[in-house]
Amino acid sequence: MESLAVRWLFPEKEIKIDTICLDCGEPITVRMKDEDVIEVDPDTTVGYMLSPFVQWREGSGAFN
Amino acid sequence: MNLFRSEEHVKRWPLYVRAAEDYVMPLTEWAQVFSGPLFRRRLEPDYLDHSEGYLAKYHDDLHELGKASPFWQYPMIEEMDSLDLDRYRVVGNYSRFDDRVLNDLKDARNRIVAGLDTASPHRENHLIWAAPGSGKTYLVQEIASVFGGSCDYVEINLAKHGPESFRDALNGLSGRTNPVLCLIDEVDAHDGTTWPYETLMPFLDLTVEGRGHVVFVLAGSSGFSLEGMKRRIAARPKGNDVLSRLPAENEFVIPEMSFGDRVLIVIAQMTRAGLELGYQIRGIEKLGLYFAAVNAKLVNARQLQEFAARAVSRVPRGDDRVKYDHLFTPGDPENKRFWLEVSSVAKDLVNSFVSIEERSARS
């Protein structure tokens with residue numbers, strides 16, 4: 001299950017994601033509750049999907 | 001989903017793929033994508049009954065966020081019922097899909113042709129910056145072919161020459177009966193040496209000094225842009241002297257191939273391959289065009305051309321259509337694999353054909 005979608009398994013509950021940046025290993029924290037993104041730290045955090053749409057044929061194709 | 005502290009961190013990641021840069025997005029935008037019913041309704045008992053619609057919504061959400069990757073271009077093919085190849089022709093068999101590119105390159109063609117038509121007292125030299133794989137050599141060859149036998153075409157790839165052979169090649173341009181169109185390809189090669197521009201510079205004055213009728217086209221791909229390439233040339237010994245012999249109005253850019261260009265090349269090359277085999281291709285199945293246009297293994301125009309020719313060779317005699325199946329050798333698992341991958345978005349491309357219109361087909 002995608003980390004950003006796991007909140008839908010816990011309606012009305014606050015979800016906290018603690019992870020690390022894949023580049024530098026420094027922490028990233030995201031708090032969400034249903035529709036709301038409560039906190040993103042650092043606020044410059046981005047997501048990157050390597051597949052599937054540009055090189056999806058070499059990737060998982062998971063969402064095609 | 002891979003999370004990074006900023007976009008700069010993504011781009012330092014060893015697994016970062018520049019072609020997928022569309023999919024670097026702020027976390028809040030990804031959160032929006034992952035709020036769709038495909039994810040939100042996983043706990044609902046009828047989820048599987050509606051999953052196809054949920055998947056379509058997910059694709060729509062991504063599309064709305066401005067993702068311009070080839071995968072999303074299928075509506076362009078879906079809406080394309082017929083295509084008039086002549087409308088996109090720059091010169092000969094060199095075509096471009098996008099209007100602005102098409103018209104800019106037609107202007108460039110006209111200027112080069114005018115320089116060859118009449119020996120002008122002015123310099124008729126040109127500078128091209130071309131994206132890799134954009135077909136610059138082919139474009140210049142096709143311009144020369146407009147003249148049939150009444151113009152000599154000479155191609156000199158600077159990267160393949162040393163000082164003496166480069167001078168010999170240039171010496172061969174003067175004393176000819178016909179006007180000469182000379183492409184100096186990779187004019188930005190041999191960075192750090194002085195001989196390329198020292199050698200080239202006096203030859204750029206051949207025509208104005210009455211020693212011949214030569215139109216030079218200097219072409220390169222370095223520097224990421226025309227201005228970038230000019231800066232690199234200017235920084236080299238005699239580089240400014242070379243640039244001063246290239247009129248500013250004779251500079252142009254050949255952009256990289258767009259999705260539309262790839263579709264156009266496939267159609268044009270299939271039509272051409274059909275003519276070479278002795279029959280006219282009048283229709284191409286849209287799914288086949290989509291496959292060729294998004295295929296990352298078909299990197300440049302030459303590969304697309306060879307791919308198109310192989311496909312046409314599989315068309316049964318008497319048929320005038322290239323079908324999706326003709327793109328593959330029998331039993332090639334790629335056929336089924338691609339279909340399974342795109343069937344959720346591209347099923348309307350099956351058994352639907354683009355009609356080819358061409359008034360002035362050349363073989």
# chains A, B, ... in the order shown; residues from 1 in each chain; ligands from 1

$ interface_residues --of "chain B" --to "chain A" --cutoff "8 Å" --atoms "only C-alpha atoms" --output "ChimeraX atom specification"
/B:1-7,9-10,12-13,16-17,19-20,23-28,30-31,34-35,39-43,55,69-71,296,341-342,344

$ residues_around --residues "Phe224 of chain B" --least-positions-apart "3" --cutoff "12 Å" --atoms "only C-alpha atoms" --output "count of residues only"
16

$ residues_around --residues "Gly148 of chain B" --least-positions-apart "6" --cutoff "12 Å" --atoms "only C-alpha atoms" --output "MDAnalysis selection string"
chainID B and resid 92 141:142 178:179

$ write_last_selection --atoms "C-alpha atoms" --output "tab-separated table (two decimals), in the first residue's frame"
chain	number	residue	atom	x	y	z
B	92	GLY	CA	11.76	16.15	-49.43
B	141	GLN	CA	20.69	16.14	-47.38
B	142	GLU	CA	17.07	16.63	-48.35
B	178	ASN	CA	28.01	23.20	-59.48
B	179	PRO	CA	27.22	25.18	-56.36

$ select_by_dssp --residues "segment 13-54 of chain A" --states "strand (DSSP E or B)" --output "list in words"
Ile15, Lys16, Ile17, Asp18, Thr19, Ile20, Pro27, Ile28, Thr29, Val30, Arg31, Met32, Lys33, Asp36, Val37, Ile38, Glu39, Val40, Asp41, Val46, Gly47 and Tyr48 of chain A

$ write_last_selection --atoms "N, CA and C atoms" --output "PDB file, in the first residue's frame"
ATOM      1  N   ILE A  15      -2.440   9.786  10.817  1.00  0.00           N
ATOM      2  CA  ILE A  15      -1.384   8.862  10.396  1.00  0.00           C
ATOM      3  C   ILE A  15      -0.064   9.615  10.370  1.00  0.00           C
ATOM      4  N   LYS A  16       0.966   9.053  10.932  1.00  0.00           N
ATOM      5  CA  LYS A  16       2.285   9.698  10.887  1.00  0.00           C
ATOM      6  C   LYS A  16       3.254   8.794  10.134  1.00  0.00           C
ATOM      7  N   ILE A  17       3.906   9.375   9.153  1.00  0.00           N
ATOM      8  CA  ILE A  17       4.903   8.627   8.371  1.00  0.00           C
ATOM      9  C   ILE A  17       6.274   9.176   8.741  1.00  0.00           C
ATOM     10  N   ASP A  18       7.103   8.334   9.297  1.00  0.00           N
ATOM     11  CA  ASP A  18       8.501   8.699   9.566  1.00  0.00           C
ATOM     12  C   ASP A  18       9.369   7.912   8.605  1.00  0.00           C
ATOM     13  N   THR A  19      10.103   8.627   7.815  1.00  0.00           N
ATOM     14  CA  THR A  19      10.960   7.946   6.846  1.00  0.00           C
ATOM     15  C   THR A  19      12.243   8.745   6.676  1.00  0.00           C
ATOM     16  N   ILE A  20      13.072   8.325   5.735  1.00  0.00           N
ATOM     17  CA  ILE A  20      14.310   9.077   5.467  1.00  0.00           C
ATOM     18  C   ILE A  20      14.379   9.407   3.987  1.00  0.00           C
ATOM     19  N   PRO A  27      15.909  12.736   8.059  1.00  0.00           N
ATOM     20  CA  PRO A  27      14.508  12.347   8.275  1.00  0.00           C
ATOM     21  C   PRO A  27      13.498  13.188   7.503  1.00  0.00           C
ATOM     22  N   ILE A  28      12.378  12.555   7.211  1.00  0.00           N
ATOM     23  CA  ILE A  28      11.205  13.217   6.624  1.00  0.00           C
ATOM     24  C   ILE A  28      10.004  12.765   7.449  1.00  0.00           C
ATOM     25  N   THR A  29       9.165  13.715   7.794  1.00  0.00           N
ATOM     26  CA  THR A  29       7.969  13.381   8.561  1.00  0.00           C
ATOM     27  C   THR A  29       6.729  13.916   7.846  1.00  0.00           C
ATOM     28  N   VAL A  30       5.728  13.072   7.764  1.00  0.00           N
ATOM     29  CA  VAL A  30       4.463  13.492   7.164  1.00  0.00           C
ATOM     30  C   VAL A  30       3.349  13.064   8.112  1.00  0.00           C
ATOM     31  N   ARG A  31       2.440  14.010   8.408  1.00  0.00           N
ATOM     32  CA  ARG A  31       1.254  13.648   9.192  1.00  0.00           C
ATOM     33  C   ARG A  31       0.023  13.962   8.360  1.00  0.00           C
ATOM     34  N   MET A  32      -0.890  13.017   8.316  1.00  0.00           N
ATOM     35  CA  MET A  32      -2.096  13.167   7.503  1.00  0.00           C
ATOM     36  C   MET A  32      -3.300  12.652   8.273  1.00  0.00           C
ATOM     37  N   LYS A  33      -4.456  13.197   7.901  1.00  0.00           N
ATOM     38  CA  LYS A  33      -5.703  12.677   8.462  1.00  0.00           C
ATOM     39  C   LYS A  33      -6.781  12.839   7.387  1.00  0.00           C
ATOM     40  N   ASP A  36      -6.740  15.770   4.886  1.00  0.00           N
ATOM     41  CA  ASP A  36      -5.828  16.828   5.306  1.00  0.00           C
ATOM     42  C   ASP A  36      -4.383  16.357   5.425  1.00  0.00           C
ATOM     43  N   VAL A  37      -3.504  17.178   4.867  1.00  0.00           N
ATOM     44  CA  VAL A  37      -2.072  16.991   5.114  1.00  0.00           C
ATOM     45  C   VAL A  37      -1.731  17.943   6.254  1.00  0.00           C
ATOM     46  N   ILE A  38      -1.494  17.401   7.425  1.00  0.00           N
ATOM     47  CA  ILE A  38      -1.325  18.231   8.627  1.00  0.00           C
ATOM     48  C   ILE A  38       0.092  18.790   8.724  1.00  0.00           C
ATOM     49  N   GLU A  39       1.060  17.976   8.357  1.00  0.00           N
ATOM     50  CA  GLU A  39       2.451  18.415   8.486  1.00  0.00           C
ATOM     51  C   GLU A  39       3.316  17.705   7.455  1.00  0.00           C
ATOM     52  N   VAL A  40       4.199  18.476   6.846  1.00  0.00           N
ATOM     53  CA  VAL A  40       5.251  17.896   5.997  1.00  0.00           C
ATOM     54  C   VAL A  40       6.552  18.541   6.452  1.00  0.00           C
ATOM     55  N   ASP A  41       7.486  17.754   6.895  1.00  0.00           N
ATOM     56  CA  ASP A  41       8.740  18.301   7.399  1.00  0.00           C
ATOM     57  C   ASP A  41       9.912  17.525   6.786  1.00  0.00           C
ATOM     58  N   VAL A  46       9.480  16.294  -1.601  1.00  0.00           N
ATOM     59  CA  VAL A  46       8.824  15.910  -2.853  1.00  0.00           C
ATOM     60  C   VAL A  46       8.725  14.391  -2.920  1.00  0.00           C
ATOM     61  N   GLY A  47       7.770  13.944  -3.728  1.00  0.00           N
ATOM     62  CA  GLY A  47       7.674  12.525  -4.044  1.00  0.00           C
ATOM     63  C   GLY A  47       8.135  12.310  -5.467  1.00  0.00           C
ATOM     64  N   TYR A  48       8.658  11.141  -5.716  1.00  0.00           N
ATOM     65  CA  TYR A  48       9.145  10.820  -7.070  1.00  0.00           C
ATOM     66  C   TYR A  48       8.723   9.407  -7.417  1.00  0.00           C
TER      67      TYR A  48
END

$ residues_around --residues "Ser51 of chain B" --least-positions-apart "2" --cutoff "10 Å" --atoms "only C-alpha atoms" --output "short mmCIF file (atom, residue, chain, number, x, y, z; two decimals) with N, CA and C atoms, in the first residue's frame"
data_model
loop_
_atom_site.label_atom_id
_atom_site.label_comp_id
_atom_site.auth_asym_id
_atom_site.auth_seq_id
_atom_site.Cartn_x
_atom_site.Cartn_y
_atom_site.Cartn_z
N PRO B 37 -10.48 7.61 -5.64
CA PRO B 37 -11.21 6.42 -5.20
C PRO B 37 -10.43 5.12 -5.34
N LEU B 38 -9.44 5.11 -6.22
CA LEU B 38 -8.63 3.89 -6.37
C LEU B 38 -7.98 3.52 -5.04
N PHE B 39 -7.68 4.53 -4.21
CA PHE B 39 -7.04 4.30 -2.93
C PHE B 39 -8.02 4.45 -1.77
N ARG B 41 -11.21 4.00 -1.53
CA ARG B 41 -12.34 3.08 -1.37
C ARG B 41 -11.92 1.61 -1.27
N ARG B 42 -10.67 1.39 -0.91
CA ARG B 42 -10.17 0.01 -0.87
C ARG B 42 -10.95 -0.86 0.10
N ASP B 46 -17.68 -3.35 -2.70
CA ASP B 46 -17.82 -3.43 -4.15
C ASP B 46 -16.63 -2.79 -4.88
N TYR B 47 -15.51 -2.71 -4.18
CA TYR B 47 -14.33 -2.04 -4.76
C TYR B 47 -13.95 -2.63 -6.12
N LEU B 48 -13.88 -3.94 -6.19
CA LEU B 48 -13.42 -4.56 -7.43
C LEU B 48 -14.39 -4.31 -8.58
N ASP B 49 -15.68 -4.21 -8.25
CA ASP B 49 -16.68 -3.95 -9.30
C ASP B 49 -16.43 -2.60 -9.98
N GLY B 53 -13.20 2.00 -13.26
CA GLY B 53 -13.52 3.43 -13.21
C GLY B 53 -12.59 4.18 -12.28
N TYR B 54 -12.24 3.55 -11.17
CA TYR B 54 -11.32 4.18 -10.22
C TYR B 54 -9.94 4.39 -10.88
N LEU B 55 -9.51 3.39 -11.64
CA LEU B 55 -8.21 3.50 -12.31
C LEU B 55 -8.23 4.64 -13.33
N ALA B 56 -9.35 4.76 -14.04
CA ALA B 56 -9.47 5.86 -15.01
C ALA B 56 -9.39 7.21 -14.31
N LYS B 57 -10.01 7.29 -13.15
CA LYS B 57 -9.96 8.55 -12.39
C LYS B 57 -8.52 8.86 -11.96
#

$ decode --residues "segment 2-31 of chain A" --atoms "N, CA and C atoms" --output "mmCIF file, in the first residue's frame"
data_model
loop_
_atom_site.group_PDB
_atom_site.id
_atom_site.type_symbol
_atom_site.label_atom_id
_atom_site.label_comp_id
_atom_site.auth_asym_id
_atom_site.auth_seq_id
_atom_site.Cartn_x
_atom_site.Cartn_y
_atom_site.Cartn_z
ATOM 1 N N GLU A 2 0.582 2.195 -0.861
ATOM 2 C CA GLU A 2 1.327 3.439 -0.916
ATOM 3 C C GLU A 2 1.289 4.165 0.437
ATOM 4 N N SER A 3 2.404 4.713 0.845
ATOM 5 C CA SER A 3 2.441 5.385 2.140
ATOM 6 C C SER A 3 1.452 6.552 2.192
ATOM 7 N N LEU A 4 1.279 7.231 1.049
ATOM 8 C CA LEU A 4 0.382 8.390 1.046
ATOM 9 C C LEU A 4 -1.087 7.978 0.982
ATOM 10 N N ALA A 5 -1.338 6.707 0.747
ATOM 11 C CA ALA A 5 -2.725 6.239 0.667
ATOM 12 C C ALA A 5 -3.138 5.437 1.899
ATOM 13 N N VAL A 6 -2.186 5.132 2.765
ATOM 14 C CA VAL A 6 -2.487 4.244 3.891
ATOM 15 C C VAL A 6 -3.517 4.868 4.844
ATOM 16 N N ARG A 7 -3.630 6.184 4.815
ATOM 17 C CA ARG A 7 -4.609 6.878 5.692
ATOM 18 C C ARG A 7 -6.027 6.410 5.414
ATOM 19 N N TRP A 8 -6.289 5.948 4.199
ATOM 20 C CA TRP A 8 -7.661 5.533 3.878
ATOM 21 C C TRP A 8 -8.033 4.218 4.547
ATOM 22 N N LEU A 9 -7.035 3.523 5.078
ATOM 23 C CA LEU A 9 -7.316 2.301 5.850
ATOM 24 C C LEU A 9 -7.674 2.640 7.297
ATOM 25 N N PHE A 10 -7.436 3.893 7.698
ATOM 26 C CA PHE A 10 -7.691 4.308 9.088
ATOM 27 C C PHE A 10 -8.509 5.605 9.099
ATOM 28 N N PRO A 11 -9.778 5.534 8.684
ATOM 29 C CA PRO A 11 -10.592 6.753 8.600
ATOM 30 C C PRO A 11 -10.653 7.478 9.946
ATOM 31 N N GLU A 12 -10.519 8.801 9.828
ATOM 32 C CA GLU A 12 -10.626 9.704 10.976
ATOM 33 C C GLU A 12 -9.493 9.550 11.980
ATOM 34 N N LYS A 13 -8.453 8.832 11.608
ATOM 35 C CA LYS A 13 -7.280 8.689 12.486
ATOM 36 C C LYS A 13 -6.114 9.470 11.883
ATOM 37 N N GLU A 14 -5.304 10.040 12.758
ATOM 38 C CA GLU A 14 -4.112 10.710 12.259
ATOM 39 C C GLU A 14 -3.033 9.671 11.980
ATOM 40 N N ILE A 15 -2.440 9.786 10.817
ATOM 41 C CA ILE A 15 -1.384 8.862 10.396
ATOM 42 C C ILE A 15 -0.064 9.615 10.370
ATOM 43 N N LYS A 16 0.966 9.053 10.932
ATOM 44 C CA LYS A 16 2.285 9.698 10.887
ATOM 45 C C LYS A 16 3.254 8.794 10.134
ATOM 46 N N ILE A 17 3.906 9.375 9.153
ATOM 47 C CA ILE A 17 4.903 8.627 8.371
ATOM 48 C C ILE A 17 6.274 9.176 8.741
ATOM 49 N N ASP A 18 7.103 8.334 9.297
ATOM 50 C CA ASP A 18 8.501 8.699 9.566
ATOM 51 C C ASP A 18 9.369 7.912 8.605
ATOM 52 N N THR A 19 10.103 8.627 7.815
ATOM 53 C CA THR A 19 10.960 7.946 6.846
ATOM 54 C C THR A 19 12.243 8.745 6.676
ATOM 55 N N ILE A 20 13.072 8.325 5.735
ATOM 56 C CA ILE A 20 14.310 9.077 5.467
ATOM 57 C C ILE A 20 14.379 9.407 3.987
ATOM 58 N N CYS A 21 15.104 10.481 3.698
ATOM 59 C CA CYS A 21 15.348 10.867 2.305
ATOM 60 C C CYS A 21 16.253 9.812 1.671
ATOM 61 N N LEU A 22 15.866 9.343 0.475
ATOM 62 C CA LEU A 22 16.655 8.290 -0.171
ATOM 63 C C LEU A 22 18.007 8.799 -0.651
ATOM 64 N N ASP A 23 18.144 10.124 -0.720
ATOM 65 C CA ASP A 23 19.418 10.686 -1.154
ATOM 66 C C ASP A 23 20.381 10.858 0.012
ATOM 67 N N CYS A 24 19.911 11.519 1.082
ATOM 68 C CA CYS A 24 20.851 11.927 2.138
ATOM 69 C C CYS A 24 20.647 11.190 3.455
ATOM 70 N N GLY A 25 19.545 10.468 3.583
ATOM 71 C CA GLY A 25 19.305 9.727 4.811
ATOM 72 C C GLY A 25 18.757 10.562 5.954
ATOM 73 N N GLU A 26 18.553 11.840 5.704
ATOM 74 C CA GLU A 26 17.989 12.706 6.745
ATOM 75 C C GLU A 26 16.483 12.447 6.875
ATOM 76 N N PRO A 27 15.909 12.736 8.059
ATOM 77 C CA PRO A 27 14.508 12.347 8.275
ATOM 78 C C PRO A 27 13.498 13.188 7.503
ATOM 79 N N ILE A 28 12.378 12.555 7.211
ATOM 80 C CA ILE A 28 11.205 13.217 6.624
ATOM 81 C C ILE A 28 10.004 12.765 7.449
ATOM 82 N N THR A 29 9.165 13.715 7.794
ATOM 83 C CA THR A 29 7.969 13.381 8.561
ATOM 84 C C THR A 29 6.729 13.916 7.846
ATOM 85 N N VAL A 30 5.728 13.072 7.764
ATOM 86 C CA VAL A 30 4.463 13.492 7.164
ATOM 87 C C VAL A 30 3.349 13.064 8.112
ATOM 88 N N ARG A 31 2.440 14.010 8.408
ATOM 89 C CA ARG A 31 1.254 13.648 9.192
ATOM 90 C C ARG A 31 0.023 13.962 8.360
#
